[in-house]
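K.L.:
Take a look at query15.txt, compact mmCIF, C-alpha atoms (C1' of nucleotides):
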```
# COMPACT_ATOMS: atom_id res chain seq x y z
CA MET C 1 -16.00 -12.16 -7.05
CA ALA C 2 -16.20 -15.86 -7.19
CA ALA C 3 -15.98 -17.14 -3.70
CA PRO C 4 -13.27 -19.53 -2.72
CA THR C 5 -14.10 -22.32 -0.49
CA THR C 6 -11.63 -23.74 1.90
CA THR C 7 -9.27 -22.91 4.60
CA ALA C 8 -7.41 -25.42 6.66
CA PRO C 9 -3.61 -25.34 6.69
CA LEU C 10 -1.53 -28.44 6.46
CA GLU C 11 0.49 -30.92 8.26
CA ALA C 12 4.16 -30.64 8.69
CA PRO C 13 5.68 -31.50 5.33
CA THR C 14 6.40 -34.87 6.82
CA ALA C 15 7.07 -37.62 4.36
CA VAL C 16 5.09 -37.12 1.23
CA PRO C 17 2.27 -39.38 2.21
CA ALA C 18 -1.01 -38.40 0.73
CA SER C 19 -3.51 -38.87 3.46
CA PRO C 20 -5.91 -35.97 3.53
CA ALA C 21 -6.80 -37.26 6.96
CA ALA C 22 -5.76 -34.24 8.94
CA ILE C 23 -7.85 -31.43 7.65
CA ALA C 24 -9.88 -30.01 10.44
CA GLU C 25 -7.62 -28.70 13.14
CA THR C 26 -8.64 -25.21 13.93
CA PRO C 27 -11.82 -25.82 15.84
CA GLY C 28 -14.83 -24.39 14.13
CA ILE C 29 -13.11 -24.10 10.83
CA ASN C 30 -15.70 -26.35 9.31
CA ALA C 31 -18.38 -23.86 10.07
CA TRP C 32 -16.41 -21.35 8.10
CA ARG C 33 -15.96 -23.69 5.22
CA THR C 34 -19.62 -24.50 5.16
CA PHE C 35 -20.41 -20.82 5.24
CA LEU C 36 -18.30 -20.15 2.18
CA HIS C 37 -19.68 -23.08 0.33
CA ALA C 38 -23.26 -22.18 1.00
CA HIS C 39 -22.71 -18.66 -0.15
CA ALA C 40 -20.97 -19.64 -3.34
CA ARG C 41 -23.60 -22.12 -4.35
CA VAL C 42 -26.65 -20.08 -3.54
CA THR C 43 -25.57 -16.76 -4.94
CA ARG C 44 -24.42 -18.35 -8.14
CA ARG C 45 -27.79 -19.95 -8.55
CA LEU C 46 -29.71 -16.82 -7.75
CA ASP C 47 -27.64 -14.74 -10.07
CA GLU C 48 -28.17 -17.17 -12.93
CA GLU C 49 -31.89 -17.19 -12.45
CA LEU C 50 -32.17 -13.45 -12.18
CA GLN C 51 -30.03 -12.99 -15.23
CA ALA C 52 -31.98 -15.49 -17.26
CA ALA C 53 -35.39 -14.19 -16.31
CA HIS C 54 -34.81 -10.46 -16.23
CA GLY C 55 -31.34 -9.67 -17.49
CA LEU C 56 -30.31 -8.30 -14.14
CA SER C 57 -27.26 -9.25 -12.14
CA LEU C 58 -27.61 -9.69 -8.44
CA ALA C 59 -25.66 -6.49 -7.91
CA GLU C 60 -27.94 -4.56 -10.22
CA TYR C 61 -30.99 -5.93 -8.53
CA ASP C 62 -29.57 -4.97 -5.23
CA ALA C 63 -28.84 -1.46 -6.38
CA LEU C 64 -32.33 -0.97 -7.76
CA LEU C 65 -33.72 -2.22 -4.52
CA GLN C 66 -31.63 0.14 -2.47
CA ILE C 67 -32.71 3.07 -4.57
CA ALA C 68 -36.33 2.04 -4.38
CA HIS C 69 -36.22 1.90 -0.64
CA ALA C 70 -34.59 5.25 -0.23
CA PRO C 71 -36.66 8.33 0.49
CA GLY C 72 -37.65 9.93 -2.80
CA ARG C 73 -36.47 6.80 -4.60
CA ARG C 74 -33.12 8.47 -5.05
CA VAL C 75 -29.70 7.86 -3.60
CA ARG C 76 -26.36 9.59 -3.77
CA MET C 77 -23.81 7.56 -5.70
CA ASN C 78 -21.74 7.73 -2.66
CA VAL C 79 -24.18 6.09 -0.38
CA LEU C 80 -25.30 3.61 -2.93
CA ALA C 81 -21.75 2.39 -3.25
CA GLU C 82 -21.42 1.53 0.37
CA ARG C 83 -24.86 0.00 0.59
CA VAL C 84 -24.19 -2.33 -2.27
CA ILE C 85 -20.61 -2.87 -1.12
CA LEU C 86 -18.92 -1.68 -4.26
CA SER C 87 -16.18 0.82 -4.93
CA ARG C 88 -17.14 4.24 -6.20
CA SER C 89 -15.99 3.42 -9.67
CA GLY C 90 -17.91 0.20 -9.52
CA ILE C 91 -21.06 2.12 -8.75
CA THR C 92 -20.43 4.58 -11.53
CA ARG C 93 -20.39 1.71 -13.95
CA LEU C 94 -23.29 -0.14 -12.51
CA VAL C 95 -25.41 3.00 -12.66
CA ASP C 96 -24.19 3.55 -16.21
CA ARG C 97 -25.74 0.23 -17.12
CA LEU C 98 -28.96 0.85 -15.29
CA GLU C 99 -29.22 4.24 -16.89
CA ALA C 100 -28.55 2.79 -20.33
CA ASP C 101 -31.57 0.55 -20.08
CA GLY C 102 -33.75 3.22 -18.59
CA SER C 103 -34.11 1.91 -15.08
CA VAL C 104 -32.46 4.86 -13.48
CA GLU C 105 -31.69 8.48 -14.15
CA ARG C 106 -28.80 10.54 -12.96
CA VAL C 107 -29.59 13.96 -11.59
CA ALA C 108 -27.36 16.53 -10.02
CA CYS C 109 -27.65 16.77 -6.30
CA SER C 110 -29.34 20.02 -5.35
CA THR C 111 -27.25 20.66 -2.29
CA ASP C 112 -23.81 19.57 -3.41
CA ALA C 113 -22.58 20.45 -6.85
CA ARG C 114 -20.15 17.56 -6.80
CA GLY C 115 -22.89 15.09 -6.20
CA GLN C 116 -25.03 12.93 -8.42
CA GLU C 117 -28.08 11.05 -7.41
CA ALA C 118 -29.43 7.92 -8.98
CA VAL C 119 -33.19 8.19 -9.30
CA LEU C 120 -35.41 5.24 -10.01
CA THR C 121 -37.59 5.60 -13.10
CA PRO C 122 -41.04 4.07 -13.39
CA ALA C 123 -39.56 1.56 -15.81
CA GLY C 124 -36.91 0.73 -13.27
CA LEU C 125 -39.50 0.22 -10.60
CA GLY C 126 -41.39 -2.13 -12.86
CA ARG C 127 -38.31 -4.10 -13.65
CA LEU C 128 -37.44 -4.32 -10.01
CA ARG C 129 -40.85 -5.56 -8.99
CA ALA C 130 -40.81 -8.21 -11.66
CA ALA C 131 -37.35 -9.31 -10.67
CA ALA C 132 -38.25 -9.35 -7.01
CA THR C 133 -40.64 -12.18 -7.60
CA THR C 134 -37.99 -14.31 -9.21
CA HIS C 135 -35.41 -13.42 -6.67
CA LEU C 136 -37.47 -13.97 -3.57
CA ASP C 137 -38.66 -17.21 -4.98
CA GLY C 138 -35.08 -18.32 -5.35
CA VAL C 139 -34.10 -17.19 -1.90
CA ARG C 140 -36.94 -19.18 -0.54
CA ARG C 141 -36.13 -22.30 -2.46
CA TYR C 142 -32.41 -22.30 -1.86
CA PHE C 143 -32.22 -20.74 1.53
CA LEU C 144 -35.31 -20.17 3.58
CA ASP C 145 -37.07 -23.42 2.87
CA ARG C 146 -34.08 -25.40 3.99
CA LEU C 147 -34.00 -23.81 7.38
CA ASP C 148 -36.47 -23.83 10.20
CA GLU C 149 -37.28 -20.78 12.22
CA ALA C 150 -34.78 -21.51 14.92
CA ALA C 151 -31.99 -21.91 12.41
CA LEU C 152 -32.89 -18.66 10.71
CA ALA C 153 -32.94 -16.83 13.98
CA GLY C 154 -29.62 -18.35 14.90
CA ILE C 155 -28.06 -17.34 11.64
CA GLU C 156 -29.35 -13.85 11.90
CA THR C 157 -27.93 -13.16 15.31
CA SER C 158 -24.71 -15.10 14.84
CA LEU C 159 -23.79 -13.68 11.51
CA GLY C 160 -25.02 -10.33 12.62
CA ARG C 161 -22.16 -10.33 15.06
CA VAL C 162 -19.83 -11.22 12.22
CA ALA C 163 -21.09 -8.60 9.80
CA ASP C 164 -21.22 -5.73 12.15
CA PRO C 165 -18.23 -3.63 13.09
CA LEU C 166 -15.42 -5.51 11.47
CA GLY C 167 -12.77 -2.89 11.64
CA PRO C 168 -12.05 0.77 11.16
CA GLU C 169 -15.38 1.82 9.74
CA GLY C 170 -17.45 2.83 12.68
CA LYS C 171 -19.24 5.70 11.00
CA PRO C 172 -22.98 5.43 11.00
CA THR C 173 -24.38 5.73 7.49
CA HIS C 174 -25.29 9.36 7.04
CA GLU C 175 -28.15 9.99 4.71
CA GLY C 176 -26.78 11.99 1.82
CA CYS C 177 -28.59 14.99 0.45
CA PRO C 178 -32.18 14.55 1.56
CA PRO C 179 -34.05 15.57 -1.60
CA ALA C 180 -35.78 18.92 -1.63
CA ASP C 181 -38.81 17.41 -3.34
CA ALA C 182 -40.00 15.08 -0.61
CA MET W 1 -17.52 -11.14 -7.63
CA ALA W 2 -18.40 -8.53 -5.21
CA ALA W 3 -21.35 -9.78 -3.30
CA PRO W 4 -24.54 -7.85 -3.38
CA THR W 5 -26.38 -7.38 -0.23
CA THR W 6 -30.09 -7.01 -0.10
CA THR W 7 -33.26 -8.56 -1.14
CA ALA W 8 -36.65 -7.35 -0.08
CA PRO W 9 -39.14 -6.25 -2.74
CA LEU W 10 -41.23 -3.18 -2.40
CA GLU W 11 -44.54 -1.77 -1.57
CA ALA W 12 -47.23 -1.14 -4.06
CA PRO W 13 -46.16 1.95 -6.01
CA THR W 14 -48.62 3.83 -3.86
CA ALA W 15 -48.10 7.53 -3.68
CA VAL W 16 -44.46 8.41 -3.86
CA PRO W 17 -43.94 8.62 -0.17
CA ALA W 18 -40.46 7.76 0.89
CA SER W 19 -40.85 5.73 3.98
CA PRO W 20 -38.49 2.78 3.91
CA ALA W 21 -40.61 1.48 6.70
CA ALA W 22 -41.84 -1.65 4.99
CA ILE W 23 -38.77 -3.61 4.19
CA ALA W 24 -38.94 -6.93 5.89
CA GLU W 25 -41.95 -8.84 4.69
CA THR W 26 -40.80 -12.23 3.59
CA PRO W 27 -40.19 -13.87 6.93
CA GLY W 28 -36.59 -14.81 7.45
CA ILE W 29 -35.36 -12.54 4.75
CA ASN W 30 -33.27 -10.71 7.26
CA ALA W 31 -31.29 -13.82 7.94
CA TRP W 32 -30.51 -13.94 4.28
CA ARG W 33 -29.49 -10.35 4.19
CA THR W 34 -27.29 -10.76 7.18
CA PHE W 35 -25.73 -13.78 5.59
CA LEU W 36 -24.82 -11.85 2.47
CA HIS W 37 -23.48 -8.96 4.42
CA ALA W 38 -21.33 -11.08 6.64
CA HIS W 39 -19.86 -12.86 3.69
CA ALA W 40 -19.10 -9.73 1.77
CA ARG W 41 -17.38 -8.03 4.65
CA VAL W 42 -15.35 -10.94 5.89
CA THR W 43 -14.11 -12.27 2.59
CA ARG W 44 -13.13 -8.84 1.44
CA ARG W 45 -11.10 -8.36 4.56
CA LEU W 46 -9.46 -11.75 4.35
CA ASP W 47 -8.61 -11.30 0.72
CA GLU W 48 -7.01 -7.94 1.37
CA GLU W 49 -4.89 -9.28 4.16
CA LEU W 50 -3.79 -12.32 2.23
CA GLN W 51 -2.97 -10.22 -0.76
CA ALA W 52 -1.02 -7.70 1.23
CA ALA W 53 0.97 -10.23 3.22
CA HIS W 54 1.61 -12.90 0.62
CA GLY W 55 0.42 -11.71 -2.76
CA LEU W 56 -2.17 -14.45 -2.91
CA SER W 57 -5.83 -14.05 -3.64
CA LEU W 58 -8.29 -16.04 -1.61
CA ALA W 59 -8.99 -18.20 -4.62
CA GLU W 60 -5.32 -18.91 -5.14
CA TYR W 61 -4.86 -19.76 -1.52
CA ASP W 62 -7.79 -22.06 -1.71
CA ALA W 63 -6.46 -23.79 -4.78
CA LEU W 64 -3.05 -24.32 -3.22
CA LEU W 65 -4.72 -25.72 -0.18
CA GLN W 66 -6.81 -28.12 -2.18
CA ILE W 67 -3.80 -29.37 -4.02
CA ALA W 68 -1.81 -29.74 -0.83
CA HIS W 69 -4.51 -31.84 0.73
CA ALA W 70 -4.88 -34.14 -2.22
CA PRO W 71 -3.09 -37.46 -2.32
CA GLY W 72 0.28 -36.96 -3.93
CA ARG W 73 -0.16 -33.21 -3.66
CA ARG W 74 -1.60 -33.25 -7.13
CA VAL W 75 -5.06 -32.67 -8.52
CA ARG W 76 -6.66 -32.92 -11.92
CA MET W 77 -7.64 -29.52 -13.28
CA ASN W 78 -11.06 -30.85 -13.53
CA VAL W 79 -11.46 -31.71 -9.93
CA LEU W 80 -9.69 -28.62 -8.76
CA ALA W 81 -12.19 -26.51 -10.63
CA GLU W 82 -15.15 -27.94 -8.84
CA ARG W 83 -13.45 -27.90 -5.46
CA VAL W 84 -12.62 -24.25 -5.73
CA ILE W 85 -15.94 -23.52 -7.41
CA LEU W 86 -14.57 -22.06 -10.59
CA SER W 87 -15.20 -22.73 -14.24
CA ARG W 88 -12.68 -24.80 -16.13
CA SER W 89 -11.33 -21.77 -17.88
CA GLY W 90 -11.09 -20.03 -14.58
CA ILE W 91 -8.95 -22.84 -13.23
CA THR W 92 -6.75 -22.85 -16.27
CA ARG W 93 -5.94 -19.24 -15.63
CA LEU W 94 -5.56 -19.54 -11.93
CA VAL W 95 -3.12 -22.39 -12.38
CA ASP W 96 -1.33 -20.33 -15.03
CA ARG W 97 -0.68 -17.75 -12.37
CA LEU W 98 0.40 -20.23 -9.75
CA GLU W 99 2.67 -21.89 -12.23
CA ALA W 100 4.16 -18.56 -13.26
CA ASP W 101 5.34 -17.88 -9.76
CA GLY W 102 6.55 -21.40 -9.23
CA SER W 103 4.01 -22.61 -6.73
CA VAL W 104 2.68 -25.31 -8.95
CA GLU W 105 3.68 -27.41 -11.91
CA ARG W 106 1.55 -28.81 -14.62
CA VAL W 107 2.14 -32.43 -15.53
CA ALA W 108 0.34 -34.65 -17.95
CA CYS W 109 -1.93 -37.17 -16.34
CA SER W 110 -0.52 -40.66 -16.71
CA THR W 111 -3.83 -42.37 -17.24
CA ASP W 112 -5.66 -39.91 -19.44
CA ALA W 113 -3.91 -38.15 -22.25
CA ARG W 114 -6.39 -35.32 -22.18
CA GLY W 115 -5.67 -34.61 -18.59
CA GLN W 116 -3.38 -32.26 -16.77
CA GLU W 117 -2.57 -32.33 -13.13
CA ALA W 118 -1.52 -29.42 -10.98
CA VAL W 119 1.28 -30.52 -8.69
CA LEU W 120 2.37 -28.52 -5.69
CA THR W 121 6.05 -27.56 -5.68
CA PRO W 122 8.08 -27.22 -2.51
CA ALA W 123 8.04 -23.48 -3.05
CA GLY W 124 4.29 -23.62 -3.34
CA LEU W 125 4.02 -25.58 -0.14
CA GLY W 126 6.14 -23.00 1.63
CA ARG W 127 4.05 -20.19 0.34
CA LEU W 128 0.90 -21.95 1.37
CA ARG W 129 2.09 -22.61 4.89
CA ALA W 130 3.11 -19.02 5.33
CA ALA W 131 -0.19 -17.80 4.00
CA ALA W 132 -2.11 -20.24 6.15
CA THR W 133 -0.95 -18.44 9.24
CA THR W 134 -2.25 -15.13 8.00
CA HIS W 135 -5.44 -16.59 6.72
CA LEU W 136 -6.37 -18.64 9.74
CA ASP W 137 -5.58 -15.71 11.92
CA GLY W 138 -8.02 -13.62 9.93
CA VAL W 139 -10.71 -16.26 10.00
CA ARG W 140 -10.34 -16.44 13.71
CA ARG W 141 -10.49 -12.72 14.20
CA TYR W 142 -13.37 -11.99 11.89
CA PHE W 143 -15.38 -15.13 12.22
CA LEU W 144 -14.58 -17.69 14.84
CA ASP W 145 -13.88 -15.34 17.70
CA ARG W 146 -17.21 -13.66 17.27
CA LEU W 147 -19.15 -16.85 17.64
CA ASP W 148 -19.48 -19.24 20.52
CA GLU W 149 -19.45 -22.97 20.09
CA ALA W 150 -23.17 -23.29 19.88
CA ALA W 151 -23.39 -20.68 17.16
CA LEU W 152 -20.65 -22.36 15.17
CA ALA W 153 -22.36 -25.70 15.43
CA GLY W 154 -25.63 -24.14 14.41
CA ILE W 155 -24.09 -22.49 11.40
CA GLU W 156 -22.41 -25.64 10.34
CA THR W 157 -25.51 -27.77 10.32
CA SER W 158 -27.87 -25.08 9.06
CA LEU W 159 -25.77 -23.87 6.22
CA GLY W 160 -24.72 -27.40 5.52
CA ARG W 161 -28.29 -28.02 4.51
CA VAL W 162 -28.13 -24.98 2.29
CA ALA W 163 -24.87 -25.86 0.64
CA ASP W 164 -25.56 -29.45 -0.04
CA PRO W 165 -27.51 -30.71 -3.00
CA LEU W 166 -28.86 -27.53 -4.45
CA GLY W 167 -29.91 -28.80 -7.79
CA PRO W 168 -28.99 -31.08 -10.64
CA GLU W 169 -25.52 -32.01 -9.51
CA GLY W 170 -25.86 -35.13 -7.49
CA LYS W 171 -22.69 -36.81 -8.63
CA PRO W 172 -20.28 -37.68 -5.88
CA THR W 173 -16.84 -36.22 -6.49
CA HIS W 174 -14.82 -38.90 -8.20
CA GLU W 175 -11.15 -38.78 -7.51
CA GLY W 176 -9.43 -38.17 -10.81
CA CYS W 177 -6.38 -40.12 -11.86
CA PRO W 178 -4.87 -41.47 -8.65
CA PRO W 179 -1.18 -40.90 -9.27
CA ALA W 180 0.98 -43.88 -10.11
CA ASP W 181 3.75 -42.58 -7.87
CA ALA W 182 2.03 -42.81 -4.50
C1' DC H 1 -12.38 -52.34 -35.47
C1' DG H 2 -14.66 -47.93 -36.29
C1' DG H 3 -17.40 -44.17 -35.67
C1' DA H 4 -20.43 -40.95 -32.66
C1' DG H 5 -20.79 -38.51 -28.77
C1' DA H 6 -18.92 -37.05 -24.36
C1' DT H 7 -15.15 -35.03 -21.74
C1' DC H 8 -10.74 -32.49 -20.98
C1' DG H 9 -8.01 -28.32 -20.92
C1' DT H 10 -7.16 -24.18 -23.48
C1' DT H 11 -8.20 -19.97 -25.88
C1' DG H 12 -10.64 -15.55 -27.64
C1' DC H 13 -13.82 -12.37 -26.41
C1' DC H 14 -16.64 -10.11 -23.11
C1' DT H 15 -18.33 -8.44 -18.63
C1' DT H 16 -17.64 -6.87 -14.01
C1' DG H 17 -15.15 -4.60 -10.73
C1' DT H 18 -10.75 -2.53 -8.67
C1' DC H 19 -7.03 1.01 -8.26
C1' DA H 20 -4.89 5.28 -9.28
C1' DA H 21 -5.36 9.68 -11.08
C1' DC H 22 -8.13 13.57 -12.49
C1' DG H 23 -11.01 17.91 -12.49
C1' DA H 24 -14.58 19.94 -9.89
C1' DT H 25 -16.30 21.29 -5.70
C1' DC H 26 -16.73 21.77 -0.64
C1' DG H 27 -15.27 23.30 3.96
C1' DG H 28 -12.42 25.37 7.23
C1' DC H 29 -8.73 28.40 8.77
C1' DG H 30 -5.65 32.30 8.37
C1' DC G 1 -11.70 36.85 0.94
C1' DG G 2 -8.39 33.25 -0.53
C1' DC G 3 -6.10 29.20 -0.17
C1' DC G 4 -5.50 24.02 1.13
C1' DG G 5 -6.83 19.67 2.06
C1' DA G 6 -10.73 16.51 1.73
C1' DT G 7 -14.46 14.58 -0.88
C1' DC G 8 -17.29 13.53 -5.07
C1' DG G 9 -17.97 11.13 -9.35
C1' DT G 10 -15.62 9.78 -13.50
C1' DT G 11 -12.13 7.76 -16.37
C1' DG G 12 -8.16 4.77 -18.15
C1' DA G 13 -5.68 0.75 -17.44
C1' DC G 14 -5.88 -3.56 -15.66
C1' DA G 15 -7.10 -8.25 -13.18
C1' DA G 16 -10.21 -11.99 -12.74
C1' DG G 17 -13.61 -14.91 -14.27
C1' DG G 18 -17.44 -16.64 -17.40
C1' DC G 19 -19.13 -18.47 -21.94
C1' DA G 20 -18.59 -20.49 -26.33
C1' DA G 21 -15.75 -22.80 -29.41
C1' DC G 22 -11.77 -25.60 -30.43
C1' DG G 23 -8.69 -29.73 -31.05
C1' DA G 24 -7.43 -33.79 -28.69
C1' DT G 25 -8.77 -37.72 -26.50
C1' DC G 26 -11.72 -41.11 -24.31
C1' DT G 27 -15.72 -44.37 -24.23
C1' DC G 28 -19.22 -46.96 -25.68
C1' DC G 29 -21.85 -49.44 -28.82
C1' DG G 30 -22.67 -51.56 -33.24
```
Let me see the file written as C-alpha cells.

P.N.:
Amino acid sequence: MAAPTTTAPLEAPTAVPASPAAIAETPGINAWRTFLHAHARVTRRLDEELQAAHGLSLAEYDALLQIAHAPGRRVRMNVLAERVILSRSGITRLVDRLEADGSVERVACSTDARGQEAVLTPAGLGRLRAAATTHLDGVRRYFLDRLDEAALAGIETSLGRVADPLGPEGKPTHEGCPPADA
Amino acid sequence: MAAPTTTAPLEAPTAVPASPAAIAETPGINAWRTFLHAHARVTRRLDEELQAAHGLSLAEYDALLQIAHAPGRRVRMNVLAERVILSRSGITRLVDRLEADGSVERVACSTDARGQEAVLTPAGLGRLRAAATTHLDGVRRYFLDRLDEAALAGIETSLGRVADPLGPEGKPTHEGCPPADA
DNA sequence: CGGAGATCGTTGCCTTGTCAACGATCGGCG
DNA sequence: CGCCGATCGTTGACAAGGCAACGATCTCCG
C-alpha cells in the first residue's frame, strides 16, 4: 500500500479564492501528517534498497525474520499472517514466493491437520542474515541516526499507545502448534 | 502497500534452540518497530472507514484534499503525484477514477501543452467535505486522542527530521502552471 | 532557426495484496 | 457417535500501483 499523506479538511466553499492559507485547523493534525510522510519516505527507501541488494521486499524480509525468531524457526501460516499484518491469502502468496526460491518450506502441522507451518531453510536463514545487514543499515541511516535517544524513547512510548489496542482485537497472540521437535 | 512490521536480525545460527530472547540489539530498533506497527494499524483502520462511509480510498481522499487546497482548486498531475507520493502512472490512474465518478475534471494546462491539470468539481468538493468529517474523526480517535500535546509536538519535530531531505531530492516544490483564471 | 535532450502524461505489462468462496478439518453439543 | 458451526489454508477474480516505453512537447544551446 502506498501511503497517502495529508489530512486537513477545507474552508467553507466561500468564494473561490485560492489561498491555501487555512490548512492546519485540527490541532495536532500536523503531527499526523508528518507521521505519514515520514513513513512513506522511509519505507519506500528501505524497500528499494532491500530489493536491489537482495531481491527481497520489505514484507518478505519481515516474514523471514518472524519465522527465524519463532521457536523451531517455524510458524503457522495463521500466526505469520497477523504478525506481518497481511491477510491469510496474502500470506499464502508470500510464502509461495519464499518457498519458490528455497528460503522456506511448508510442512503440515503435526497437531492440526488443517494447518501448515512455514519453516525456515538454511538458505533462507542465510538470505535473511545477509539482508539484515542492508536493512538495519538503512534503518539507521534514515531513521535512527536522525533521532536522539530522547526522541526515540518518545516515539516508542507515544506510538506504542497508538499501535496497541486499536479496536475489537483484544486477543493475545496465541502461539500456534508448538512443534513436537523442539 | 501493506506495511511490514519488524526488523531485528538474528543470533548466530548457534544450535537450533528456539529462544526468541535476543531480539532487540540495535538500540532504538524498537522505536522503529513501533513506528511501523502504529502506521500499519491506523492507516488500515482509516482506510476501511473512509471506504465504507464514502467509497474513497485514503489515497483518493488525499488527492482530493491536495487539489482542494491548491490555488484555483487545480493541480498539475505532476505536482499532485509528488504531493500524494505516487508515481506518475499511479496518479494518472487515480485521477482516472476520480474523474469517472465526477469528482474531478481534467483540463489542458494553458501554459504547457504537455500538461494536464486536475480540477476539483463541485461534486468533488462535496464528497471531500463529507469524507473529511469521517477521516478527521478517525484520526482523532486513533491518533490524536491517544497522545498528549507534548507527545504530538515531539512526534512532529522528530519525524519531521526523518521525513525531510532523505536523499537526492533537494528541489523545492515548484508550483506548476499558476492558472490564468485566478 | 534547428536539433538534442529533458519532461509530461499515458499506456501495457507485471507484481502485490484483498475479498469471497471453497474443501478439509476441528470442536462441541445433542 | 453424528452433526453443525467455526477455523485453516488455498484459489479465482479483481484493484491498485510500479516500471519501462511511447509520442508529444518544451528548452536550451549552437

K.L.:
Do you have the atom C1' of DG5 of chain H-atom CA of Gly115 of chain W distance handy?

P.N.:
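Here the two named atoms are 18.6 Å from each other.
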
K.L.:
Might you pull out every residue within 10 Å of segment 8-22 of chain H, with only C-alpha atoms (C1' of nucleotides) counted and same-chain residues fewer than 4 positions away left off, and present them as JSON, numbers by chain?

P.N.:
{"C": [1, 86, 87, 88, 89, 90, 91, 93, 94], "W": [1, 2, 76, 77, 78, 88, 89, 91, 92, 93, 112, 113, 114, 115, 116], "G": [10, 11, 12, 13, 14, 15, 16, 17, 18, 19, 20, 21, 22, 23, 24, 25, 26]}

K.L.:
Let me make sure I understand: among W:Arg141, W:Arg97, W:Arg74, W:Arg146, which one has the smallest atom-to-atom distance to chain G if we use only C-alpha atoms (C1' of nucleotides)?

P.N.:
W:Arg97

K.L.:
Tell me which of C:Arg41, C:Glu49, C:Ile85, C:Arg161 sits closest to chain H, counting all atoms listed in the file.

P.N.:
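Of the candidates, the smallest distance to chain H is held by C:Ile85.
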
K.L.:
Measure the distance from atom CA of Thr133 of chain C to atom CA of Val79 of chain C in Å and round it to one decimal.

P.N.:
25.6 Å

K.L.:
If we count only C-alpha atoms (C1' of nucleotides) and set the cut-off at 12 Å, which residues sit around DG30 of chain H, ignoring sequence neighbours fewer than 5 positions away in its own chain? Please answer as a list in words.

P.N.:
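That gives DC1, DG2, DC3 and DC4 of chain G.
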
K.L.:
So the first atom is atom CA of His37 of chain C and the second is atom CA of Phe143 of chain W; what is the distance between them in Å, to one decimal place?

P.N.:
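Going from atom CA of His37 of chain C over to atom CA of Phe143 of chain W, I get 14.9 Å.
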
K.L.:
Which residue gives the smallest distance to chain G among C:Leu58, C:Ala40, C:Ala123, C:Ala108, with only C-alpha atoms (C1' of nucleotides) counted?

P.N.:
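Checking each of C:Leu58, C:Ala40, C:Ala123, C:Ala108 against chain G, counting only C-alpha atoms (C1' of nucleotides), the winner is C:Ala108.
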
K.L.:
Produce the centre coordinates and the three edge lengths, each in Å to one decimal, of the box along x, y and z that contains all listed atoms of segment 149-156 of chain C with 8 Å added on each side, as JSON.

P.N.:
```
{"center_x": -32.7, "center_y": -17.9, "center_z": 12.8, "size_x": 25.2, "size_y": 24.1, "size_z": 20.2}
```

K.L.:
Name the residues within 9 Å of (-3.8, -17.7, 6.7), counting only C-alpha atoms (C1' of nucleotides) in the file's coordinates, and put them as a CSV table (one decimal) with C-alpha atoms, in the coordinates of the input.

P.N.:
```csv
chain,number,residue,atom,x,y,z
C,7,THR,CA,-9.3,-22.9,4.6
C,8,ALA,CA,-7.4,-25.4,6.7
C,9,PRO,CA,-3.6,-25.3,6.7
W,46,LEU,CA,-9.5,-11.8,4.4
W,49,GLU,CA,-4.9,-9.3,4.2
W,50,LEU,CA,-3.8,-12.3,2.2
W,61,TYR,CA,-4.9,-19.8,-1.5
W,128,LEU,CA,0.9,-22.0,1.4
W,129,ARG,CA,2.1,-22.6,4.9
W,130,ALA,CA,3.1,-19.0,5.3
W,131,ALA,CA,-0.2,-17.8,4.0
W,132,ALA,CA,-2.1,-20.2,6.2
W,133,THR,CA,-1.0,-18.4,9.2
W,134,THR,CA,-2.2,-15.1,8.0
W,135,HIS,CA,-5.4,-16.6,6.7
W,136,LEU,CA,-6.4,-18.6,9.7
W,137,ASP,CA,-5.6,-15.7,11.9
W,138,GLY,CA,-8.0,-13.6,9.9
W,139,VAL,CA,-10.7,-16.3,10.0
```

K.L.:
Considering only C-alpha atoms (C1' of nucleotides), state which residue in the set C:Leu144, C:Leu152, C:Ala118, C:Leu64 is at the smallest distance from chain G.

P.N.:
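Residue with the minimum atom-to-atom distance to chain G: C:Ala118.
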
K.L.:
Show which residues sit within 10 Å of Ala151 of chain W, as a list of chain:residue names. Count only C-alpha atoms (C1' of nucleotides), and ignore same-chain residues fewer than 3 positions away.

P.N.:
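Residues near the query, excluding close chain neighbours: C:Gly28, C:Ala31, C:Ala151, C:Gly154, C:Ile155, C:Thr157, C:Ser158, C:Leu159, W:Leu144, W:Arg146, W:Leu147, W:Asp148, W:Gly154, W:Ile155, W:Glu156.
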
K.L.:
Between W:Val162, W:Glu149, W:Glu117, W:Leu125, which residue has the minimum interatomic distance to chain H, considering all atoms listed in the file?

P.N.:
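With all atoms listed in the file as the atom set, the closest residue is W:Glu117.
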
K.L.:
Residues around (-16.7, 17.5, -0.3), cut-off 7 Å, counting only C-alpha atoms (C1' of nucleotides) - what are they as an MDAnalysis selection string?

P.N.:
(chainID H and resid 25:26) or (chainID G and resid 6:8)

K.L.:
I need the residues from that last selection saved to file as a PDB file, in the coordinates of the input (with C-alpha atoms (C1' of nucleotides)), if you can.

P.N.:
```pdb
ATOM      1  C1'  DT H  25     -16.300  21.290  -5.700  1.00  0.00           C
ATOM      2  C1'  DC H  26     -16.730  21.770  -0.640  1.00  0.00           C
TER       3       DC H  26
ATOM      4  C1'  DA G   6     -10.730  16.510   1.730  1.00  0.00           C
ATOM      5  C1'  DT G   7     -14.460  14.580  -0.880  1.00  0.00           C
ATOM      6  C1'  DC G   8     -17.290  13.530  -5.070  1.00  0.00           C
TER       7       DC G   8
END
```

K.L.:
Within 10 Å of Glu99 of chain W, counting all atoms listed in the file, which residues show up once you throw out same-chain ones fewer than 6 positions away? Write them as a ChimeraX atom specification, please.

P.N.:
/W:93,105-106,118-121,124

K.L.:
Just segment 18-29 of chain H, please, as a JSON list (two decimals), in the first residue's frame (only C-alpha atoms (C1' of nucleotides)).

P.N.:
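Dumped everything to decode_8.json:
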```json
[["chain", "number", "residue", "atom", "x", "y", "z"],
["H", 18, "DT", "C1'", -7.52, -8.11, -0.86],
["H", 19, "DC", "C1'", -12.16, -10.34, -0.82],
["H", 20, "DA", "C1'", -15.25, -14.07, -1.42],
["H", 21, "DA", "C1'", -15.81, -18.79, -1.89],
["H", 22, "DC", "C1'", -14.18, -23.47, -1.38],
["H", 23, "DG", "C1'", -12.93, -28.14, 0.56],
["H", 24, "DA", "C1'", -10.90, -30.02, 4.56],
["H", 25, "DT", "C1'", -10.73, -30.33, 9.27],
["H", 26, "DC", "C1'", -11.68, -29.26, 14.16],
["H", 27, "DG", "C1'", -14.58, -28.84, 18.29],
["H", 28, "DG", "C1'", -18.63, -29.03, 20.89],
["H", 29, "DC", "C1'", -23.34, -30.43, 21.85]]
```
